[in-house]
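One file, target08.cif, carrying mmCIF, N, CA and C atoms:
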```cif
data_run
loop_
_atom_site.label_atom_id
_atom_site.label_comp_id
_atom_site.auth_asym_id
_atom_site.auth_seq_id
_atom_site.Cartn_x
_atom_site.Cartn_y
_atom_site.Cartn_z
N MET A 1 146.06 41.25 112.53
CA MET A 1 145.52 42.56 112.25
C MET A 1 146.41 43.25 111.22
N ARG A 2 145.77 43.85 110.24
CA ARG A 2 146.50 44.59 109.21
C ARG A 2 146.43 46.07 109.53
N LYS A 3 147.51 46.76 109.26
CA LYS A 3 147.54 48.19 109.53
C LYS A 3 148.21 48.89 108.37
N ARG A 4 147.71 50.07 108.06
CA ARG A 4 148.36 50.90 107.06
C ARG A 4 148.18 52.36 107.46
N GLN A 5 149.18 53.14 107.19
CA GLN A 5 149.14 54.56 107.51
C GLN A 5 148.58 55.30 106.32
N ILE A 6 147.67 56.23 106.56
CA ILE A 6 147.06 56.99 105.47
C ILE A 6 147.31 58.47 105.67
N SER A 7 147.20 59.23 104.60
CA SER A 7 147.40 60.67 104.69
C SER A 7 146.12 61.44 104.39
N THR A 8 145.07 60.75 103.95
CA THR A 8 143.81 61.40 103.64
C THR A 8 143.11 61.81 104.94
N PRO A 9 142.71 63.08 105.07
CA PRO A 9 141.98 63.48 106.28
C PRO A 9 140.70 62.67 106.41
N PRO A 10 140.29 62.31 107.65
CA PRO A 10 139.10 61.48 107.84
C PRO A 10 137.82 62.07 107.26
N SER A 11 137.74 63.39 107.13
CA SER A 11 136.51 64.00 106.63
C SER A 11 136.40 63.92 105.10
N VAL A 12 137.44 63.44 104.45
CA VAL A 12 137.42 63.33 102.99
C VAL A 12 137.30 61.86 102.60
N ARG A 13 136.24 61.50 101.89
CA ARG A 13 136.06 60.11 101.48
C ARG A 13 136.81 59.85 100.18
N PRO A 14 137.32 58.65 100.04
CA PRO A 14 137.98 58.31 98.78
C PRO A 14 137.00 58.41 97.61
N SER A 15 137.49 58.75 96.44
CA SER A 15 136.62 58.90 95.28
C SER A 15 135.90 57.58 94.99
N GLY A 16 134.66 57.69 94.56
CA GLY A 16 133.87 56.50 94.24
C GLY A 16 133.12 55.92 95.42
N GLU A 17 133.36 56.41 96.62
CA GLU A 17 132.64 55.92 97.79
C GLU A 17 131.65 56.98 98.25
N SER A 18 130.54 56.54 98.81
CA SER A 18 129.54 57.48 99.29
C SER A 18 129.30 57.25 100.78
N TRP A 19 128.78 58.28 101.44
CA TRP A 19 128.46 58.19 102.86
C TRP A 19 127.10 57.53 103.04
N LEU A 20 126.96 56.75 104.06
CA LEU A 20 125.68 56.15 104.41
C LEU A 20 124.79 57.22 105.01
N ASP A 21 123.52 57.24 104.64
CA ASP A 21 122.56 58.19 105.21
C ASP A 21 122.09 57.65 106.56
N ALA A 22 122.94 57.77 107.57
CA ALA A 22 122.60 57.24 108.90
C ALA A 22 121.39 57.96 109.49
N ASP A 23 121.20 59.22 109.13
CA ASP A 23 120.05 59.98 109.65
C ASP A 23 118.73 59.30 109.29
N GLY A 24 118.66 58.71 108.10
CA GLY A 24 117.43 58.06 107.67
C GLY A 24 117.44 56.55 107.83
N ALA A 25 118.60 55.98 108.20
CA ALA A 25 118.74 54.52 108.22
C ALA A 25 118.95 53.93 109.62
N ALA A 26 119.04 54.80 110.64
CA ALA A 26 119.38 54.28 111.97
C ALA A 26 118.80 55.14 113.08
N SER A 27 118.74 54.54 114.25
CA SER A 27 118.43 55.25 115.49
C SER A 27 119.72 55.32 116.29
N VAL A 28 119.81 56.25 117.22
CA VAL A 28 121.02 56.38 118.03
C VAL A 28 120.64 56.37 119.51
N GLU A 29 121.46 55.73 120.31
CA GLU A 29 121.29 55.70 121.77
C GLU A 29 122.57 56.26 122.39
N VAL A 30 122.42 57.06 123.43
CA VAL A 30 123.58 57.59 124.16
C VAL A 30 123.34 57.44 125.66
N THR A 31 124.44 57.31 126.41
CA THR A 31 124.32 57.17 127.85
C THR A 31 124.04 58.49 128.54
N SER A 32 124.51 59.60 127.98
CA SER A 32 124.20 60.92 128.52
C SER A 32 124.43 61.97 127.44
N GLU A 33 123.81 63.13 127.64
CA GLU A 33 123.89 64.18 126.63
C GLU A 33 123.67 65.52 127.32
N GLU A 34 124.62 66.45 127.14
CA GLU A 34 124.50 67.76 127.75
C GLU A 34 123.60 68.65 126.90
N ASN A 35 122.77 69.44 127.56
CA ASN A 35 121.89 70.37 126.84
C ASN A 35 122.72 71.26 125.92
N GLY A 36 122.28 71.41 124.70
CA GLY A 36 122.97 72.24 123.73
C GLY A 36 124.05 71.52 122.94
N TYR A 37 124.32 70.25 123.28
CA TYR A 37 125.34 69.45 122.59
C TYR A 37 124.77 68.06 122.25
N PRO A 38 123.72 68.01 121.43
CA PRO A 38 123.07 66.72 121.14
C PRO A 38 123.93 65.82 120.25
N ILE A 39 123.72 64.53 120.36
CA ILE A 39 124.47 63.56 119.56
C ILE A 39 124.28 63.79 118.07
N GLU A 40 123.12 64.30 117.68
CA GLU A 40 122.87 64.58 116.27
C GLU A 40 123.92 65.55 115.70
N SER A 41 124.38 66.47 116.53
CA SER A 41 125.41 67.43 116.08
C SER A 41 126.67 66.71 115.65
N ALA A 42 127.08 65.71 116.39
CA ALA A 42 128.29 64.96 116.03
C ALA A 42 128.06 64.08 114.81
N LEU A 43 126.92 63.43 114.74
CA LEU A 43 126.66 62.49 113.65
C LEU A 43 126.36 63.18 112.33
N LEU A 44 125.82 64.39 112.38
CA LEU A 44 125.47 65.10 111.16
C LEU A 44 126.47 66.19 110.82
N GLY A 45 127.54 66.30 111.59
CA GLY A 45 128.60 67.26 111.28
C GLY A 45 128.27 68.70 111.62
N VAL A 46 127.40 68.92 112.60
CA VAL A 46 127.05 70.27 113.02
C VAL A 46 128.12 70.79 113.98
N GLU A 47 128.49 72.06 113.83
CA GLU A 47 129.52 72.64 114.68
C GLU A 47 129.11 72.55 116.15
N GLY A 48 130.06 72.26 117.00
CA GLY A 48 129.81 72.13 118.43
C GLY A 48 129.85 70.69 118.88
N GLY A 49 129.36 69.78 118.03
CA GLY A 49 129.42 68.36 118.34
C GLY A 49 128.59 67.94 119.53
N TRP A 50 128.90 66.76 120.03
CA TRP A 50 128.19 66.15 121.16
C TRP A 50 129.03 66.25 122.41
N ARG A 51 128.38 66.39 123.53
CA ARG A 51 129.07 66.40 124.81
C ARG A 51 128.24 65.60 125.82
N ALA A 52 128.90 64.75 126.56
CA ALA A 52 128.22 63.97 127.59
C ALA A 52 127.86 64.87 128.77
N ALA A 53 126.74 64.60 129.39
CA ALA A 53 126.33 65.36 130.58
C ALA A 53 127.00 64.82 131.83
N ASP A 54 127.36 63.55 131.82
CA ASP A 54 127.95 62.90 132.99
C ASP A 54 129.39 62.50 132.70
N ALA A 55 130.20 62.49 133.75
CA ALA A 55 131.59 62.04 133.62
C ALA A 55 131.63 60.52 133.50
N GLY A 56 132.75 60.01 133.02
CA GLY A 56 132.94 58.57 132.96
C GLY A 56 132.76 58.00 131.57
N THR A 57 132.74 56.68 131.51
CA THR A 57 132.60 55.96 130.25
C THR A 57 131.26 56.29 129.59
N GLN A 58 131.30 56.53 128.29
CA GLN A 58 130.09 56.85 127.53
C GLN A 58 129.91 55.81 126.43
N THR A 59 128.65 55.57 126.08
CA THR A 59 128.33 54.65 124.99
C THR A 59 127.47 55.37 123.97
N ILE A 60 127.85 55.26 122.72
CA ILE A 60 127.04 55.74 121.60
C ILE A 60 126.76 54.52 120.75
N ARG A 61 125.51 54.24 120.53
CA ARG A 61 125.12 53.03 119.78
C ARG A 61 124.25 53.42 118.59
N LEU A 62 124.65 53.01 117.40
CA LEU A 62 123.83 53.18 116.20
C LEU A 62 123.09 51.88 115.95
N ILE A 63 121.78 51.97 115.82
CA ILE A 63 120.94 50.80 115.58
C ILE A 63 120.29 50.98 114.21
N PHE A 64 120.79 50.22 113.25
CA PHE A 64 120.31 50.35 111.88
C PHE A 64 118.97 49.63 111.71
N ASP A 65 118.10 50.25 110.90
CA ASP A 65 116.79 49.67 110.62
C ASP A 65 116.91 48.38 109.82
N GLU A 66 117.88 48.32 108.94
CA GLU A 66 118.15 47.15 108.11
C GLU A 66 119.65 46.84 108.19
N PRO A 67 120.04 45.59 108.00
CA PRO A 67 121.47 45.27 107.99
C PRO A 67 122.20 46.13 106.95
N GLN A 68 123.41 46.56 107.29
CA GLN A 68 124.21 47.41 106.40
C GLN A 68 125.55 46.75 106.12
N ARG A 69 126.05 46.95 104.91
CA ARG A 69 127.40 46.51 104.57
C ARG A 69 128.30 47.74 104.68
N LEU A 70 129.17 47.74 105.67
CA LEU A 70 130.06 48.87 105.90
C LEU A 70 131.48 48.50 105.52
N ARG A 71 132.14 49.39 104.80
CA ARG A 71 133.54 49.18 104.45
C ARG A 71 134.46 49.83 105.47
N SER A 72 134.02 50.91 106.06
CA SER A 72 134.83 51.59 107.06
C SER A 72 133.95 52.48 107.92
N SER A 73 134.47 52.86 109.05
CA SER A 73 133.80 53.83 109.92
C SER A 73 134.88 54.73 110.50
N ASN A 74 134.48 55.89 110.96
CA ASN A 74 135.43 56.87 111.46
C ASN A 74 134.85 57.54 112.69
N ALA A 75 135.64 57.65 113.73
CA ALA A 75 135.22 58.37 114.93
C ALA A 75 136.40 59.21 115.41
N VAL A 76 136.11 60.46 115.73
CA VAL A 76 137.12 61.34 116.31
C VAL A 76 136.65 61.65 117.73
N ILE A 77 137.44 61.24 118.70
CA ILE A 77 137.08 61.40 120.11
C ILE A 77 138.04 62.39 120.76
N SER A 78 137.50 63.35 121.46
CA SER A 78 138.32 64.31 122.19
C SER A 78 137.82 64.34 123.63
N ALA A 79 138.66 63.91 124.54
CA ALA A 79 138.28 63.87 125.96
C ALA A 79 139.08 64.93 126.70
N ARG A 80 138.39 65.71 127.47
CA ARG A 80 139.05 66.76 128.27
C ARG A 80 138.78 66.47 129.74
N SER A 81 139.78 66.68 130.55
CA SER A 81 139.63 66.43 131.98
C SER A 81 139.25 67.69 132.75
N GLU A 82 139.04 68.81 132.05
CA GLU A 82 138.67 70.04 132.74
C GLU A 82 137.25 69.98 133.25
N ARG A 83 137.02 70.64 134.34
CA ARG A 83 135.66 70.70 134.90
C ARG A 83 134.80 71.70 134.13
N ARG A 84 133.54 71.36 134.00
CA ARG A 84 132.59 72.26 133.34
C ARG A 84 131.64 72.83 134.37
N ALA A 85 131.18 74.03 134.09
CA ALA A 85 130.24 74.68 135.02
C ALA A 85 128.84 74.17 134.79
#
```

Output the file's structure as structure tokens, nothing else.
Amino acid sequence: MRKRQISTPPSVRPSGESWLDADGAASVEVTSEENGYPIESALLGVEGGWRAADAGTQTIRLIFDEPQRLRSSNAVISARSERRA
């Protein structure tokens, strides 16, 4: 495994690279979703993001309509152990 440390924030793509239009190129599956925090919010960069409705391990699956050549992917995960009402 190769590793390198980078200083570029994940939300900034290197020059010359473009983002994949996942909204038009894929379907998404989730194991749970809390009302008001849909997975689309996380994938499309909408404030508030996604939140699972159920505790425990969660799965988010992107199913592309056509095979894609990906150079990199980025996920920011924040897990909180606090109880929600």

Taking the file as shown, find all residues satisfying the PyMOL selection byres (((chain A and resi 62-77 and name CA) around 7) and name CA) and write them as number ranges by chain. A: 10, 25-29, 60-61, 78-79

Go ahead and write the residues just picked, N, CA and C atoms, as a tab-separated table (two decimals), in the coordinates of the input.
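See out14.tsv below for the written result:
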```tsv
chain	number	residue	atom	x	y	z
A	10	PRO	N	140.29	62.31	107.65
A	10	PRO	CA	139.10	61.48	107.84
A	10	PRO	C	137.82	62.07	107.26
A	25	ALA	N	118.60	55.98	108.20
A	25	ALA	CA	118.74	54.52	108.22
A	25	ALA	C	118.95	53.93	109.62
A	26	ALA	N	119.04	54.80	110.64
A	26	ALA	CA	119.38	54.28	111.97
A	26	ALA	C	118.80	55.14	113.08
A	27	SER	N	118.74	54.54	114.25
A	27	SER	CA	118.43	55.25	115.49
A	27	SER	C	119.72	55.32	116.29
A	28	VAL	N	119.81	56.25	117.22
A	28	VAL	CA	121.02	56.38	118.03
A	28	VAL	C	120.64	56.37	119.51
A	29	GLU	N	121.46	55.73	120.31
A	29	GLU	CA	121.29	55.70	121.77
A	29	GLU	C	122.57	56.26	122.39
A	60	ILE	N	127.85	55.26	122.72
A	60	ILE	CA	127.04	55.74	121.60
A	60	ILE	C	126.76	54.52	120.75
A	61	ARG	N	125.51	54.24	120.53
A	61	ARG	CA	125.12	53.03	119.78
A	61	ARG	C	124.25	53.42	118.59
A	78	SER	N	137.50	63.35	121.46
A	78	SER	CA	138.32	64.31	122.19
A	78	SER	C	137.82	64.34	123.63
A	79	ALA	N	138.66	63.91	124.54
A	79	ALA	CA	138.28	63.87	125.96
A	79	ALA	C	139.08	64.93	126.70
```

Every residue of chain A that DSSP places in helix (DSSP H, G or I), as an MDAnalysis selection string: chainID A and resid 22:25 39:43

Between atom CA of Gln58 of chain A and atom CA of Met1 of chain A, what is the distance in Å, rounded to a tenth?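 Spanning atom CA of Gln58 of chain A to atom CA of Met1 of chain A is a straight-line distance of 26.0 Å.
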
Report, in Å with one decimal, the straight-line distance from atom C of Gly48 of chain A to atom CA of Gly36 of chain A.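 Atom C of Gly48 of chain A sits 8.6 Å away from atom CA of Gly36 of chain A.
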
Just the number, please: distance in Å from atom CA of Glu47 of chain A to atom CA of Asn35 of chain A, one decimal.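 Between atom CA of Glu47 of chain A and atom CA of Asn35 of chain A the gap works out to 14.5 Å.
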
DSSP on the backbone, strand (DSSP E or B) only: what residues of chain A does that give? Format it as a VMD selection string. chain A and resid 26 to 30 60 to 64

For segment 45-56 of chain A, where the input has fewer atoms than it should, I would like all heavy atoms rebuilt and written as a PDB file, in the frame of the given file.
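Here's the written file part_10.pdb:
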```
ATOM      1  N   GLY A  45     127.540  66.300 111.590  1.00  0.00           N
ATOM      2  CA  GLY A  45     128.600  67.260 111.280  1.00  0.00           C
ATOM      3  C   GLY A  45     128.270  68.700 111.620  1.00  0.00           C
ATOM      4  O   GLY A  45     128.811  69.618 111.024  1.00  0.00           O
ATOM      5  N   VAL A  46     127.400  68.920 112.600  1.00  0.00           N
ATOM      6  CA  VAL A  46     127.050  70.270 113.020  1.00  0.00           C
ATOM      7  C   VAL A  46     128.120  70.790 113.980  1.00  0.00           C
ATOM      8  O   VAL A  46     128.601  70.044 114.843  1.00  0.00           O
ATOM      9  CB  VAL A  46     125.663  70.278 113.707  1.00  0.00           C
ATOM     10  CG1 VAL A  46     125.320  71.651 114.237  1.00  0.00           C
ATOM     11  CG2 VAL A  46     124.600  69.782 112.751  1.00  0.00           C
ATOM     12  N   GLU A  47     128.490  72.060 113.830  1.00  0.00           N
ATOM     13  CA  GLU A  47     129.520  72.640 114.680  1.00  0.00           C
ATOM     14  C   GLU A  47     129.110  72.550 116.150  1.00  0.00           C
ATOM     15  O   GLU A  47     127.957  72.727 116.498  1.00  0.00           O
ATOM     16  CB  GLU A  47     129.738  74.106 114.309  1.00  0.00           C
ATOM     17  CG  GLU A  47     130.939  74.710 115.008  1.00  0.00           C
ATOM     18  CD  GLU A  47     131.272  76.096 114.511  1.00  0.00           C
ATOM     19  OE1 GLU A  47     130.973  76.399 113.348  1.00  0.00           O
ATOM     20  OE2 GLU A  47     131.833  76.864 115.295  1.00  0.00           O
ATOM     21  N   GLY A  48     130.060  72.260 117.000  1.00  0.00           N
ATOM     22  CA  GLY A  48     129.810  72.130 118.430  1.00  0.00           C
ATOM     23  C   GLY A  48     129.850  70.690 118.880  1.00  0.00           C
ATOM     24  O   GLY A  48     130.296  70.382 119.962  1.00  0.00           O
ATOM     25  N   GLY A  49     129.360  69.780 118.030  1.00  0.00           N
ATOM     26  CA  GLY A  49     129.420  68.360 118.340  1.00  0.00           C
ATOM     27  C   GLY A  49     128.590  67.940 119.530  1.00  0.00           C
ATOM     28  O   GLY A  49     127.699  68.636 119.978  1.00  0.00           O
ATOM     29  N   TRP A  50     128.900  66.760 120.030  1.00  0.00           N
ATOM     30  CA  TRP A  50     128.190  66.150 121.160  1.00  0.00           C
ATOM     31  C   TRP A  50     129.030  66.250 122.410  1.00  0.00           C
ATOM     32  O   TRP A  50     130.257  66.197 122.346  1.00  0.00           O
ATOM     33  CB  TRP A  50     127.917  64.682 120.847  1.00  0.00           C
ATOM     34  CG  TRP A  50     127.464  63.869 122.021  1.00  0.00           C
ATOM     35  CD1 TRP A  50     126.225  63.867 122.593  1.00  0.00           C
ATOM     36  CD2 TRP A  50     128.239  62.930 122.766  1.00  0.00           C
ATOM     37  NE1 TRP A  50     126.185  62.985 123.627  1.00  0.00           N
ATOM     38  CE2 TRP A  50     127.426  62.387 123.769  1.00  0.00           C
ATOM     39  CE3 TRP A  50     129.560  62.498 122.685  1.00  0.00           C
ATOM     40  CZ2 TRP A  50     127.858  61.444 124.668  1.00  0.00           C
ATOM     41  CZ3 TRP A  50     130.000  61.552 123.589  1.00  0.00           C
ATOM     42  CH2 TRP A  50     129.155  61.034 124.570  1.00  0.00           C
ATOM     43  N   ARG A  51     128.380  66.390 123.530  1.00  0.00           N
ATOM     44  CA  ARG A  51     129.070  66.400 124.810  1.00  0.00           C
ATOM     45  C   ARG A  51     128.240  65.600 125.820  1.00  0.00           C
ATOM     46  O   ARG A  51     127.031  65.782 125.892  1.00  0.00           O
ATOM     47  CB  ARG A  51     129.246  67.836 125.304  1.00  0.00           C
ATOM     48  CG  ARG A  51     130.070  67.931 126.575  1.00  0.00           C
ATOM     49  CD  ARG A  51     130.189  69.358 127.061  1.00  0.00           C
ATOM     50  NE  ARG A  51     131.012  70.150 126.160  1.00  0.00           N
ATOM     51  CZ  ARG A  51     131.247  71.437 126.332  1.00  0.00           C
ATOM     52  NH1 ARG A  51     130.698  72.086 127.342  1.00  0.00           N
ATOM     53  NH2 ARG A  51     132.011  72.093 125.473  1.00  0.00           N
ATOM     54  N   ALA A  52     128.900  64.750 126.560  1.00  0.00           N
ATOM     55  CA  ALA A  52     128.220  63.970 127.590  1.00  0.00           C
ATOM     56  C   ALA A  52     127.860  64.870 128.770  1.00  0.00           C
ATOM     57  O   ALA A  52     128.598  65.792 129.106  1.00  0.00           O
ATOM     58  CB  ALA A  52     129.113  62.833 128.066  1.00  0.00           C
ATOM     59  N   ALA A  53     126.740  64.600 129.390  1.00  0.00           N
ATOM     60  CA  ALA A  53     126.330  65.360 130.580  1.00  0.00           C
ATOM     61  C   ALA A  53     127.000  64.820 131.830  1.00  0.00           C
ATOM     62  O   ALA A  53     127.211  65.553 132.788  1.00  0.00           O
ATOM     63  CB  ALA A  53     124.811  65.297 130.728  1.00  0.00           C
ATOM     64  N   ASP A  54     127.360  63.550 131.820  1.00  0.00           N
ATOM     65  CA  ASP A  54     127.950  62.900 132.990  1.00  0.00           C
ATOM     66  C   ASP A  54     129.390  62.500 132.700  1.00  0.00           C
ATOM     67  O   ASP A  54     129.732  62.162 131.574  1.00  0.00           O
ATOM     68  CB  ASP A  54     127.134  61.655 133.372  1.00  0.00           C
ATOM     69  CG  ASP A  54     125.672  61.978 133.631  1.00  0.00           C
ATOM     70  OD1 ASP A  54     125.386  63.027 134.244  1.00  0.00           O
ATOM     71  OD2 ASP A  54     124.820  61.175 133.205  1.00  0.00           O
ATOM     72  N   ALA A  55     130.200  62.490 133.750  1.00  0.00           N
ATOM     73  CA  ALA A  55     131.590  62.040 133.620  1.00  0.00           C
ATOM     74  C   ALA A  55     131.630  60.520 133.500  1.00  0.00           C
ATOM     75  O   ALA A  55     130.670  59.839 133.839  1.00  0.00           O
ATOM     76  CB  ALA A  55     132.388  62.495 134.840  1.00  0.00           C
ATOM     77  N   GLY A  56     132.750  60.010 133.020  1.00  0.00           N
ATOM     78  CA  GLY A  56     132.940  58.570 132.960  1.00  0.00           C
ATOM     79  C   GLY A  56     132.760  58.000 131.570  1.00  0.00           C
ATOM     80  O   GLY A  56     132.642  58.721 130.585  1.00  0.00           O
TER      81      GLY A  56
END
```
